[in-house]
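Shown next: input_28.txt, given as compact mmCIF, C-alpha atoms and all ligand atoms.
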```
# COMPACT_ATOMS: atom_id res chain seq x y z
CA MET A 119 -16.00 -60.61 14.60
CA ALA A 120 -16.49 -56.90 14.03
CA GLY A 121 -14.06 -54.13 14.82
CA LEU A 122 -10.33 -53.69 14.44
CA ARG A 123 -8.31 -56.63 13.13
CA GLY A 124 -5.11 -57.12 15.10
CA ALA A 125 -2.21 -59.55 14.97
CA LEU A 126 0.07 -60.61 17.79
CA ILE A 127 3.77 -61.26 17.28
CA GLY A 128 5.52 -63.26 20.01
CA CYS A 129 3.49 -65.97 21.74
CA GLY A 130 5.60 -66.32 24.88
CA PHE A 131 5.13 -66.06 28.63
CA PHE A 132 3.47 -62.63 28.80
CA ALA A 133 1.62 -62.73 25.47
CA VAL A 134 -0.96 -65.05 27.01
CA ASN A 135 -2.10 -62.13 29.20
CA GLN A 136 -2.30 -59.92 26.13
CA MET A 137 -4.38 -62.52 24.29
CA GLN A 138 -6.71 -62.83 27.29
CA GLY A 139 -6.88 -59.04 27.41
CA TRP A 140 -7.89 -58.74 23.75
CA ARG A 141 -10.85 -61.06 24.45
CA GLU A 142 -12.12 -58.45 26.94
CA ILE A 143 -11.88 -55.53 24.52
CA GLU A 144 -14.90 -54.32 22.60
CA GLY A 145 -14.10 -53.25 19.07
CA ALA A 146 -10.92 -55.25 18.45
CA SER A 147 -9.81 -58.84 18.12
CA ILE A 148 -6.71 -60.82 17.23
CA VAL A 149 -7.10 -62.51 13.86
CA ALA A 150 -3.55 -63.81 13.31
CA ILE A 151 -0.53 -64.72 15.43
CA CYS A 152 3.17 -65.12 14.77
CA ASP A 153 6.05 -66.80 16.58
CA ARG A 154 9.25 -68.27 15.23
CA ASP A 155 8.91 -71.01 17.86
CA ALA A 156 6.45 -73.59 16.44
CA GLU A 157 5.55 -74.96 19.86
CA ARG A 158 4.59 -71.55 21.28
CA LEU A 159 2.62 -70.80 18.12
CA ARG A 160 0.69 -74.04 18.52
CA ILE A 161 0.02 -73.58 22.25
CA VAL A 162 -1.30 -70.03 21.94
CA GLY A 163 -3.11 -70.69 18.65
CA ASP A 164 -4.93 -73.67 20.15
CA GLN A 165 -5.71 -71.94 23.45
CA PHE A 166 -7.26 -68.91 21.75
CA GLY A 167 -8.67 -70.59 18.64
CA ILE A 168 -6.56 -68.62 16.16
CA ALA A 169 -6.22 -70.48 12.86
CA ARG A 170 -4.04 -67.97 11.00
CA ARG A 171 -0.52 -68.71 12.25
CA TYR A 172 2.87 -67.53 10.96
CA SER A 173 6.46 -68.31 11.82
CA ASP A 174 7.64 -65.19 10.02
CA ALA A 175 6.36 -61.66 10.65
CA ALA A 176 7.09 -60.46 7.10
CA ALA A 177 4.92 -63.27 5.70
CA MET A 178 2.14 -62.30 8.08
CA PHE A 179 2.25 -58.63 7.05
CA ALA A 180 2.22 -59.72 3.39
CA ASN A 181 -0.82 -62.01 3.80
CA GLU A 182 -3.03 -60.22 6.30
CA THR A 183 -4.99 -56.98 6.22
CA LEU A 184 -4.40 -55.55 9.67
CA ASP A 185 -5.57 -52.52 11.63
CA PHE A 186 -2.82 -52.96 14.24
CA VAL A 187 -0.07 -55.26 15.43
CA ASP A 188 0.72 -56.13 19.05
CA ILE A 189 4.43 -56.93 19.42
CA ALA A 190 5.02 -59.11 22.49
CA THR A 191 8.53 -60.34 21.73
CA THR A 192 11.62 -59.49 23.80
CA ALA A 193 13.59 -56.32 23.06
CA PRO A 194 16.18 -57.54 20.48
CA SER A 195 13.47 -58.01 17.83
CA HIS A 196 11.48 -54.82 18.55
CA ARG A 197 13.17 -52.41 16.16
CA ALA A 198 12.94 -54.67 13.11
CA LEU A 199 9.30 -55.51 13.84
CA VAL A 200 8.21 -51.92 14.51
CA GLU A 201 9.98 -50.74 11.35
CA MET A 202 8.23 -53.51 9.41
CA ALA A 203 4.87 -52.31 10.77
CA ALA A 204 5.72 -48.70 9.87
CA ALA A 205 6.67 -49.76 6.32
CA GLN A 206 3.30 -51.52 6.00
CA ARG A 207 1.52 -48.54 7.61
CA VAL A 208 0.14 -50.75 10.38
CA PRO A 209 -0.23 -49.08 13.83
CA ALA A 210 1.93 -50.87 16.39
CA ILE A 211 2.00 -51.63 20.09
CA CYS A 212 5.47 -52.61 21.29
CA GLN A 213 6.22 -54.32 24.60
CA LYS A 214 8.67 -52.77 27.02
CA PRO A 215 11.65 -52.47 27.15
CA PHE A 216 11.11 -50.44 24.00
CA ALA A 217 14.44 -51.43 22.40
CA PRO A 218 17.97 -52.57 23.19
CA THR A 219 19.30 -48.98 23.05
CA LEU A 220 17.95 -45.43 23.16
CA ALA A 221 19.25 -44.90 19.61
CA ASP A 222 17.10 -47.82 18.42
CA ALA A 223 14.08 -46.44 20.28
CA LYS A 224 14.54 -42.99 18.69
CA ALA A 225 14.79 -44.61 15.24
CA MET A 226 11.55 -46.53 15.88
CA VAL A 227 9.72 -43.36 16.91
CA LYS A 228 11.01 -41.61 13.79
CA ALA A 229 10.03 -44.49 11.47
CA CYS A 230 6.45 -44.42 12.77
CA ALA A 231 6.24 -40.62 12.76
CA ASP A 232 7.54 -40.47 9.16
CA ALA A 233 4.95 -43.06 8.11
CA ASP A 234 2.25 -41.30 10.17
CA VAL A 235 1.59 -44.55 12.02
CA PRO A 236 0.53 -44.63 15.71
CA LEU A 237 3.02 -46.30 18.03
CA MET A 238 2.37 -47.17 21.68
CA VAL A 239 4.71 -48.84 24.14
CA HIS A 240 2.96 -51.45 26.29
CA GLU A 241 3.99 -49.61 29.47
CA ASN A 242 1.15 -50.95 31.55
CA PHE A 243 2.15 -50.36 35.17
CA ARG A 244 0.76 -46.82 35.23
CA TRP A 245 -2.57 -48.37 34.15
CA GLN A 246 -2.84 -50.48 37.32
CA SER A 247 -5.95 -49.35 39.17
CA PRO A 248 -4.11 -48.57 42.46
CA ILE A 249 -1.69 -46.30 40.54
CA GLN A 250 -4.59 -44.63 38.74
CA ALA A 251 -6.20 -44.09 42.17
CA VAL A 252 -3.07 -42.24 43.35
CA ARG A 253 -3.09 -40.11 40.18
CA ALA A 254 -6.75 -39.24 40.80
CA VAL A 255 -5.93 -38.01 44.32
CA LEU A 256 -3.16 -35.79 42.93
CA ASP A 257 -5.55 -34.44 40.28
CA SER A 258 -8.16 -33.64 42.95
CA GLY A 259 -5.76 -31.18 44.59
CA GLU A 260 -6.39 -32.80 47.99
CA ILE A 261 -2.70 -32.86 49.00
CA GLY A 262 -1.70 -29.62 47.26
CA THR A 263 1.56 -29.46 45.34
CA PRO A 264 3.72 -32.60 45.63
CA PHE A 265 7.32 -31.99 46.75
CA PHE A 266 8.47 -35.55 47.54
CA GLY A 267 7.73 -39.05 46.27
CA ARG A 268 8.93 -42.56 46.98
CA ILE A 269 7.97 -45.25 44.51
CA SER A 270 9.07 -48.60 45.77
CA PHE A 271 9.06 -52.18 44.52
CA ARG A 272 10.83 -54.61 46.86
CA SER A 273 10.31 -58.35 46.58
CA ALA A 274 11.98 -61.75 46.61
CA TYR A 275 9.53 -63.30 44.13
CA ASP A 276 11.09 -65.84 41.76
CA VAL A 277 10.64 -64.14 38.40
CA PHE A 278 13.33 -66.31 36.82
CA SER A 279 11.30 -69.52 36.52
CA GLY A 280 8.73 -67.85 34.23
CA GLN A 281 11.23 -65.62 32.45
CA PRO A 282 14.60 -67.45 32.46
CA TYR A 283 16.21 -64.80 30.20
CA LEU A 284 16.06 -62.36 33.13
CA ALA A 285 18.82 -64.27 34.92
CA THR A 286 21.28 -64.12 32.04
CA GLY A 287 21.43 -60.49 30.89
CA LYS A 288 24.12 -58.10 32.11
CA ARG A 289 21.29 -55.70 32.89
CA PHE A 290 18.40 -56.88 35.00
CA ILE A 291 16.27 -54.98 37.46
CA ILE A 292 16.39 -51.42 36.07
CA GLU A 293 15.84 -52.58 32.49
CA ASP A 294 13.08 -55.06 33.28
CA LEU A 295 11.25 -53.73 36.34
CA GLY A 296 12.74 -50.35 37.20
CA ILE A 297 11.58 -49.13 33.79
CA HIS A 298 7.97 -49.50 35.02
CA ILE A 299 8.67 -47.88 38.38
CA LEU A 300 10.51 -44.96 36.76
CA ASP A 301 7.54 -44.55 34.42
CA ILE A 302 5.21 -44.39 37.43
CA GLY A 303 7.51 -41.69 38.84
CA ARG A 304 7.07 -39.66 35.64
CA PHE A 305 3.33 -40.34 35.60
CA LEU A 306 2.86 -39.05 39.14
CA LEU A 307 5.47 -36.30 39.48
CA GLY A 308 6.25 -35.28 35.90
CA ASP A 309 9.40 -35.50 33.84
CA ALA A 310 12.77 -35.77 35.51
CA SER A 311 15.78 -33.60 34.74
CA THR A 312 18.46 -35.58 36.63
CA ILE A 313 18.86 -39.09 38.01
CA THR A 314 21.40 -40.44 40.51
CA THR A 315 21.72 -44.22 40.84
CA ARG A 316 23.26 -46.92 42.99
CA THR A 317 22.96 -50.63 42.15
CA THR A 318 24.12 -53.93 43.52
CA ARG A 319 23.68 -57.65 42.91
CA VAL A 320 22.71 -59.78 45.92
CA ASN A 321 21.68 -63.02 44.16
CA PRO A 322 24.92 -64.72 43.00
CA ALA A 323 23.05 -66.93 40.52
CA ILE A 324 22.15 -64.10 38.13
CA ALA A 325 24.24 -61.92 35.82
CA GLY A 326 22.70 -58.49 36.33
CA GLU A 327 21.92 -56.11 39.19
CA ASP A 328 18.95 -57.06 41.36
CA VAL A 329 18.87 -53.95 43.58
CA ALA A 330 18.66 -50.34 42.39
CA THR A 331 18.13 -47.08 44.26
CA MET A 332 17.48 -44.00 42.15
CA LEU A 333 17.02 -40.35 43.09
CA MET A 334 15.20 -38.15 40.58
CA ASP A 335 14.99 -34.36 40.33
CA HIS A 336 11.71 -33.52 38.61
CA ALA A 337 11.21 -30.45 36.44
CA SER A 338 8.36 -29.49 38.80
CA GLY A 339 10.88 -29.10 41.65
CA ALA A 340 9.77 -32.32 43.37
CA THR A 341 12.29 -34.97 44.40
CA SER A 342 11.62 -38.69 44.25
CA VAL A 343 13.27 -41.91 45.25
CA VAL A 344 12.59 -44.93 43.06
CA ASP A 345 13.83 -48.08 44.76
CA CYS A 346 13.63 -51.61 43.37
CA SER A 347 14.81 -54.95 44.69
CA TYR A 348 14.36 -58.62 43.91
CA ALA A 349 16.49 -59.54 46.95
CA THR A 350 14.13 -58.39 49.70
CA LYS A 351 12.67 -61.21 51.79
CA LEU A 352 9.60 -59.95 53.64
CA ALA A 353 7.17 -61.62 56.05
CA VAL A 354 4.40 -61.26 53.44
CA GLU A 355 5.64 -61.25 49.82
CA PRO A 356 4.25 -58.11 48.16
CA PHE A 357 4.88 -59.04 44.49
CA PRO A 358 3.90 -57.32 42.22
CA GLU A 359 2.74 -54.33 44.27
CA THR A 360 4.30 -50.90 43.81
CA LEU A 361 4.19 -48.96 47.09
CA ILE A 362 3.94 -45.20 47.00
CA GLU A 363 4.53 -42.27 49.33
CA ILE A 364 3.84 -38.73 48.16
CA ASP A 365 4.12 -35.65 50.33
CA GLY A 366 2.43 -32.45 49.18
CA SER A 367 2.04 -28.92 50.49
CA ASP A 368 -1.38 -29.80 51.99
CA GLY A 369 -1.11 -33.48 52.81
CA THR A 370 0.16 -36.94 52.00
CA ILE A 371 -0.67 -40.07 50.03
CA ARG A 372 0.40 -43.52 51.18
CA LEU A 373 -0.25 -46.62 49.03
CA ALA A 374 0.72 -49.46 51.35
CA GLN A 375 1.03 -53.21 50.94
CA GLY A 376 -2.36 -54.87 50.56
CA TYR A 377 -3.55 -52.06 48.26
CA LYS A 378 -4.37 -49.81 51.22
CA LEU A 379 -4.58 -46.16 50.23
CA THR A 380 -4.41 -43.51 52.94
CA VAL A 381 -4.89 -39.89 51.99
CA THR A 382 -4.42 -37.09 54.48
CA GLY A 383 -5.35 -33.76 52.99
CA LYS A 384 -7.53 -30.72 52.98
CA SER A 385 -10.60 -32.75 53.98
CA GLY A 386 -8.98 -34.90 56.66
CA THR A 387 -7.86 -38.53 56.46
CA ALA A 388 -9.50 -41.18 54.28
CA VAL A 389 -8.48 -44.83 54.08
CA SER A 390 -9.64 -46.97 51.17
CA ASP A 391 -9.05 -50.39 49.65
CA VAL A 392 -7.86 -49.96 46.05
CA SER A 393 -7.36 -53.67 45.32
CA PRO A 394 -7.56 -54.46 41.62
CA PRO A 395 -10.43 -56.68 40.51
CA LEU A 396 -9.67 -60.36 39.89
CA LEU A 397 -10.65 -60.86 36.24
CA SER A 398 -12.15 -64.25 35.36
CA TRP A 399 -8.95 -65.46 33.67
CA ALA A 400 -6.53 -63.78 36.08
CA SER A 401 -4.53 -65.43 38.84
CA ARG A 402 -3.07 -63.97 42.02
CA PRO A 403 -0.63 -62.34 42.52
CA TRP A 404 -0.46 -61.35 38.83
CA HIS A 405 -4.05 -60.00 38.71
CA ASN A 406 -2.86 -56.44 39.29
CA ILE A 407 -0.71 -56.57 36.16
CA GLN A 408 -3.29 -58.58 34.22
CA GLU A 409 -5.97 -55.95 34.81
CA SER A 410 -3.58 -53.23 33.61
CA VAL A 411 -3.11 -55.12 30.33
CA VAL A 412 -6.82 -54.81 29.62
CA ALA A 413 -6.75 -51.10 30.56
CA ILE A 414 -3.86 -50.24 28.24
CA GLN A 415 -5.33 -52.26 25.36
CA GLN A 416 -8.67 -50.46 25.78
CA HIS A 417 -6.75 -47.15 25.78
CA TRP A 418 -5.08 -48.16 22.50
CA VAL A 419 -8.40 -48.97 20.83
CA ASP A 420 -9.89 -45.69 22.13
CA CYS A 421 -6.89 -43.76 20.79
CA LEU A 422 -7.13 -45.40 17.36
CA ALA A 423 -10.83 -44.52 17.27
CA THR A 424 -10.34 -40.88 18.24
CA GLY A 425 -6.92 -40.17 16.72
CA LYS A 426 -5.56 -39.24 20.16
CA GLU A 427 -1.90 -39.93 20.97
CA PRO A 428 -1.60 -42.82 23.47
CA ALA A 429 -0.40 -41.80 26.96
CA THR A 430 2.59 -44.11 26.57
CA SER A 431 3.24 -43.36 22.91
CA GLY A 432 6.67 -44.14 21.50
CA ALA A 433 7.57 -40.45 21.86
CA ASP A 434 6.47 -40.41 25.50
CA ASN A 435 8.29 -43.63 26.29
CA LEU A 436 11.60 -42.23 25.04
CA LYS A 437 11.62 -40.21 28.28
CA THR A 438 11.15 -43.33 30.41
CA PHE A 439 13.68 -45.26 28.33
CA ALA A 440 16.19 -42.41 28.66
CA LEU A 441 15.87 -42.71 32.45
CA VAL A 442 16.89 -46.36 32.18
CA GLU A 443 19.95 -45.51 30.08
CA ALA A 444 20.80 -42.64 32.44
CA ALA A 445 20.41 -44.87 35.49
CA TYR A 446 22.90 -47.42 34.12
CA ALA A 447 25.33 -44.66 33.15
CA GLY A 448 25.02 -43.11 36.61
CA ALA A 449 25.38 -46.45 38.38
CA ALA A 450 28.69 -46.93 36.55
CA SER A 451 30.02 -43.40 37.06
CA HIS A 452 28.51 -42.69 40.50
CA GLU A 453 27.62 -39.25 39.07
CA PRO A 454 24.19 -37.72 38.56
CA VAL A 455 23.12 -37.90 34.91
CA HIS A 456 21.21 -35.09 33.15
CA LEU A 457 18.42 -36.21 30.86
CA ASP A 458 18.47 -33.25 28.45
CA ALA A 459 21.54 -34.38 26.55
CA LEU A 460 20.24 -37.94 26.16
CA LEU A 461 16.92 -36.82 24.71
CA LYS A 462 18.37 -34.54 22.02
N1 LIG B 1 4.49 -55.23 30.71
C1 LIG B 1 4.61 -56.22 31.56
O1 LIG B 1 4.01 -56.23 32.63
C2 LIG B 1 5.51 -57.37 31.18
C3 LIG B 1 5.60 -58.53 31.96
C4 LIG B 1 6.43 -59.56 31.52
C5 LIG B 1 7.15 -59.42 30.34
N2 LIG B 1 7.06 -58.26 29.66
C6 LIG B 1 7.84 -58.03 28.41
O2 LIG B 1 7.25 -58.79 27.38
C7 LIG B 1 8.27 -59.16 26.42
C8 LIG B 1 8.18 -60.65 26.23
O3 LIG B 1 8.51 -61.29 27.45
P1 LIG B 1 8.20 -62.82 27.69
O4 LIG B 1 8.61 -63.11 29.10
O5 LIG B 1 6.83 -63.16 27.26
O6 LIG B 1 9.27 -63.49 26.69
P2 LIG B 1 9.26 -64.94 26.04
O7 LIG B 1 10.67 -65.23 25.68
O8 LIG B 1 8.51 -65.90 26.91
O9 LIG B 1 8.38 -64.73 24.71
C9 LIG B 1 8.84 -64.06 23.58
C10 LIG B 1 8.34 -64.84 22.36
O10 LIG B 1 8.65 -64.08 21.19
C11 LIG B 1 9.11 -64.97 20.18
N3 LIG B 1 9.92 -64.17 19.24
C12 LIG B 1 11.07 -63.51 19.50
N4 LIG B 1 11.49 -62.85 18.41
C13 LIG B 1 10.59 -63.10 17.43
C14 LIG B 1 10.46 -62.69 16.08
N5 LIG B 1 11.37 -61.89 15.51
N6 LIG B 1 9.41 -63.13 15.37
C15 LIG B 1 8.49 -63.94 15.94
N7 LIG B 1 8.54 -64.36 17.22
C16 LIG B 1 9.58 -63.95 17.96
C17 LIG B 1 9.86 -66.04 20.91
O11 LIG B 1 9.95 -67.23 20.15
C18 LIG B 1 9.01 -66.20 22.19
O12 LIG B 1 8.01 -67.20 22.04
C19 LIG B 1 9.61 -58.70 27.03
O13 LIG B 1 10.01 -57.53 26.38
C20 LIG B 1 9.28 -58.45 28.51
O14 LIG B 1 10.07 -57.43 29.10
C21 LIG B 1 6.24 -57.25 30.03
```
Since I need it in another form, could you write the structure as C-alpha cells?
Amino acid sequence: MAGLRGALIGCGFFAVNQMQGWREIEGASIVAICDRDAERLRIVGDQFGIARRYSDAAAMFANETLDFVDIATTAPSHRALVEMAAAQRVPAICQKPFAPTLADAKAMVKACADADVPLMVHENFRWQSPIQAVRAVLDSGEIGTPFFGRISFRSAYDVFSGQPYLATGKRFIIEDLGIHILDIGRFLLGDASTITTRTTRVNPAIAGEDVATMLMDHASGATSVVDCSYATKLAVEPFPETLIEIDGSDGTIRLAQGYKLTVTGKSGTAVSDVSPPLLSWASRPWHNIQESVVAIQQHWVDCLATGKEPATSGADNLKTFALVEAAYAGAASHEPVHLDALLK
C-alpha cells in the first residue's frame, strides 16, 4: 500500500471508527496497531487484517518506521504516548479529551513544538457536515455579523453501555461531550474570553454531572449558550445531533433536529436538508460522527502533505480544553471564569 504509514494505539470502542475511516483515506494506511489488552488487539487486528500487533507502544515505535501515529486511548495515557511520539519525531493525532489536565496538555504541545512534530487533537465534531454547513453560511455573510448563538446537545441516549468508564468518573458531560460542543462554539463564533457554568446530576447511577449550561462571552462581542444534557427524554431521540441557533445583524441560522437547516438572511429564507451521508460501514445514529472521523483524518493527511497546521492542532485545542477546565472551576465557584489567565 502506497502513501503514509500510520499506526494506531488503543483498539477500543471508538478506534474501530478510526480504522474504518483510514480505509477511506487516499494516501495513508494503518500498518501496525497497539493495545495493552490482548483481546482488543486480536479483535481489531483480525477485523482489519493488520498483522503487525504490539502490546507496548514503546516496542512499536522501536520496531516500526512510521509517518504518523493515531492515539485512540483514553486520556490518562495521552501525555506519555504523545511525548513518546515527539521523542521519536513521529507526527501524532491524539483523541479528545486531550489530557487529564491543562498542564499536561500544555506540556504535550510544547514537546511536539520543541521536536517540530505536527500534533492534532481528534476534535471531530466541527467536521460534521451539518456543522460545516452552518460555518459556510456564516462565511457567506448571509446573516451579517453574529451576535448570539445557542449550541445545544440534549439527549437521553445510553452512552454508558458502549463506554462504561463514562459512568464512573467524577467529571462526565463537560469533559466528554461538552468539550465538543464548546469547540463548535469556538469554531462558529470565535474564541471566548469568559465562561459561566451551572451543572447538575440527574441520573443517580453515575458519578459525574450529566447536565451543564454554559454562557460564553466571545472576543467578537457575541454571546453564546452551550447547553448539554444526557438526562433529556424527548419524543424523538436526537442523539448525536448538535442543534444550533445563530442570530446575526442581517438574519438567522437554525439547525434543527433531523438535520434541517433554515437560513433567513439577505436573500430571504432557504430551508435545506444537511443530513450526513451514511457511509458503507456506518450505522445510525452514529453516522454523523463516523463521517466526521473520515473528514478529520483526510484533513490530517492534507496537512501533512502541505505542511499546514491542522485546524484542531494541539495549540488550537488548548483553547477548547481551557474552556473545559474553566467550566468546572466556574461550576464549583458559581463565578464567571476568565480564560486569559488559564492560557498563559
Ligand atoms: N471523538 C469522538 O467522537 C469520540 C467518541 C467516543 C470516544 N472518544 C474518545 O476516544 C478515546 C477512547 O475511547 P473509547 O470509548 O474507545 O475507550 P476504550 O476504553 O473502549 O478504548 C481504549 C483502548 O485503549 C487501550 N489503552 C489504554 N491505554 C493504553 C496504552 N498506554 N497503550 C496501549 N493501549 C492502551 C485500552 O486497552 C482500550 O482497548 C477517549 O478519549 C474518548 O473520549 C471520542
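Here CA of Phe271 in chain A and CA of Glu453 in chain A stand 23.3 Å from one another.
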Point out the residue among A:Pro236, A:Ala133, A:Gly308, A:Thr438 with the least atom-to-atom distance to Thr424 in chain A, counting all atoms listed in the file.
->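 Going through A:Pro236, A:Ala133, A:Gly308, A:Thr438 one by one, the smallest distance to Thr424 in chain A is for A:Pro236.
In this comparison, which uses only C-alpha atoms and all ligand atoms, the residue of A:Ala223, A:Arg268, A:Pro395, A:Ile407 approaching ligand LIG 1 (chain B) most closely is A:Ile407.
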Do you know which residues are at most 9 Å from Ala169 in chain A counting only C-alpha atoms, after dropping those on the same chain fewer than 3 positions away, and could you put them as a ChimeraX atom specification?
-> /A:149-151,163-164
Find, counting all atoms listed in the file, the residue in A:Gly287, A:Gly280, A:Gly432, A:Gly128 that gets nearest to Arg158 in chain A.
->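 Among the listed residues, the smallest separation from Arg158 in chain A belongs to A:Gly128.
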Kindly indicate which residue among A:Tyr172, A:Trp245, A:Phe186, A:Phe179 lies nearest to Arg160 in chain A, using all atoms listed in the file for the distances.
->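 Distance minimum relative to Arg160 in chain A lands on A:Tyr172.
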Set the distance at 7 Å and use all atoms listed in the file: which residues neighbour range 198-207 of chain A once local chain neighbours fewer than 3 positions away are removed? I'd like the list as a PDB file with C-alpha atoms, in the coordinates of the input.
```pdb
ATOM      1  CA  SER A 195      13.470 -58.010  17.830  1.00  0.00           C
ATOM      2  CA  ALA A 210       1.930 -50.870  16.390  1.00  0.00           C
ATOM      3  CA  MET A 226      11.550 -46.530  15.880  1.00  0.00           C
ATOM      4  CA  ALA A 229      10.030 -44.490  11.470  1.00  0.00           C
ATOM      5  CA  CYS A 230       6.450 -44.420  12.770  1.00  0.00           C
ATOM      6  CA  ALA A 233       4.950 -43.060   8.110  1.00  0.00           C
ATOM      7  CA  VAL A 235       1.590 -44.550  12.020  1.00  0.00           C
TER       8      VAL A 235
END
```
Choose the residue, out of A:Cys346, A:Ile364, A:Val227, A:Ala413, that has the smallest atom-to-atom separation from ligand LIG 1 (chain B); count all atoms listed in the file.
-> A:Ala413
Tell me, in Å to one decimal, how far atom C18 of ligand LIG 1 (chain B) is from CA of Phe131 in chain A.
->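 Interatomic distance here is 7.5 Å.
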Best match for closeness to ligand LIG 1 (chain B) among A:Phe266, A:Phe132, A:Trp418, A:Tyr348, counting only C-alpha atoms and all ligand atoms =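 Using only C-alpha atoms and all ligand atoms, ligand LIG 1 (chain B) sits closest to A:Phe132.
We find CA of Asp335 in chain A and CA of Ala310 in chain A to be spaced 5.5 Å apart.
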Pull the neighbourhood of (26.4, -50.2, 41.4) for me: all residues within 12 Å in file coordinates, counting only C-alpha atoms, as a ChimeraX atom specification.
-> /A:289,291-292,314-320,326-332,445-453
Distance query Gly130 in chain A at most 8 Å, all atoms listed in the file, self and fewer than 4 positions along chain excluded, as a VMD selection string | chain A and resid 134 158 190 to 191
Generate the output file for the selected residues, C-alpha atoms, as an mmCIF file, keeping the file's coordinate frame.
```
data_model
loop_
_atom_site.group_PDB
_atom_site.id
_atom_site.type_symbol
_atom_site.label_atom_id
_atom_site.label_comp_id
_atom_site.auth_asym_id
_atom_site.auth_seq_id
_atom_site.Cartn_x
_atom_site.Cartn_y
_atom_site.Cartn_z
ATOM 1 C CA VAL A 134 -0.960 -65.050 27.010
ATOM 2 C CA ARG A 158 4.590 -71.550 21.280
ATOM 3 C CA ALA A 190 5.020 -59.110 22.490
ATOM 4 C CA THR A 191 8.530 -60.340 21.730
#
```
Can you pull out the residues contacting range 352-358 of chain A? Cut-off 12 Å, using all atoms listed in the file, and skip same-chain residues under 3 positions away; I want them as an mmCIF file with C-alpha atoms, in the frame of the given file.
```cif
data_model
loop_
_atom_site.group_PDB
_atom_site.id
_atom_site.type_symbol
_atom_site.label_atom_id
_atom_site.label_comp_id
_atom_site.auth_asym_id
_atom_site.auth_seq_id
_atom_site.Cartn_x
_atom_site.Cartn_y
_atom_site.Cartn_z
ATOM 1 C CA PHE A 243 2.150 -50.360 35.170
ATOM 2 C CA GLN A 246 -2.840 -50.480 37.320
ATOM 3 C CA PRO A 248 -4.110 -48.570 42.460
ATOM 4 C CA SER A 270 9.070 -48.600 45.770
ATOM 5 C CA PHE A 271 9.060 -52.180 44.520
ATOM 6 C CA ARG A 272 10.830 -54.610 46.860
ATOM 7 C CA SER A 273 10.310 -58.350 46.580
ATOM 8 C CA ALA A 274 11.980 -61.750 46.610
ATOM 9 C CA TYR A 275 9.530 -63.300 44.130
ATOM 10 C CA ASP A 276 11.090 -65.840 41.760
ATOM 11 C CA VAL A 277 10.640 -64.140 38.400
ATOM 12 C CA LEU A 295 11.250 -53.730 36.340
ATOM 13 C CA HIS A 298 7.970 -49.500 35.020
ATOM 14 C CA ILE A 299 8.670 -47.880 38.380
ATOM 15 C CA CYS A 346 13.630 -51.610 43.370
ATOM 16 C CA SER A 347 14.810 -54.950 44.690
ATOM 17 C CA TYR A 348 14.360 -58.620 43.910
ATOM 18 C CA ALA A 349 16.490 -59.540 46.950
ATOM 19 C CA LEU A 361 4.190 -48.960 47.090
ATOM 20 C CA ALA A 374 0.720 -49.460 51.350
ATOM 21 C CA GLN A 375 1.030 -53.210 50.940
ATOM 22 C CA GLY A 376 -2.360 -54.870 50.560
ATOM 23 C CA TYR A 377 -3.550 -52.060 48.260
ATOM 24 C CA PRO A 394 -7.560 -54.460 41.620
ATOM 25 C CA ARG A 402 -3.070 -63.970 42.020
ATOM 26 C CA PRO A 403 -0.630 -62.340 42.520
ATOM 27 C CA TRP A 404 -0.460 -61.350 38.830
ATOM 28 C CA HIS A 405 -4.050 -60.000 38.710
ATOM 29 C CA ASN A 406 -2.860 -56.440 39.290
ATOM 30 C CA ILE A 407 -0.710 -56.570 36.160
ATOM 31 C CA GLN A 408 -3.290 -58.580 34.220
#
```
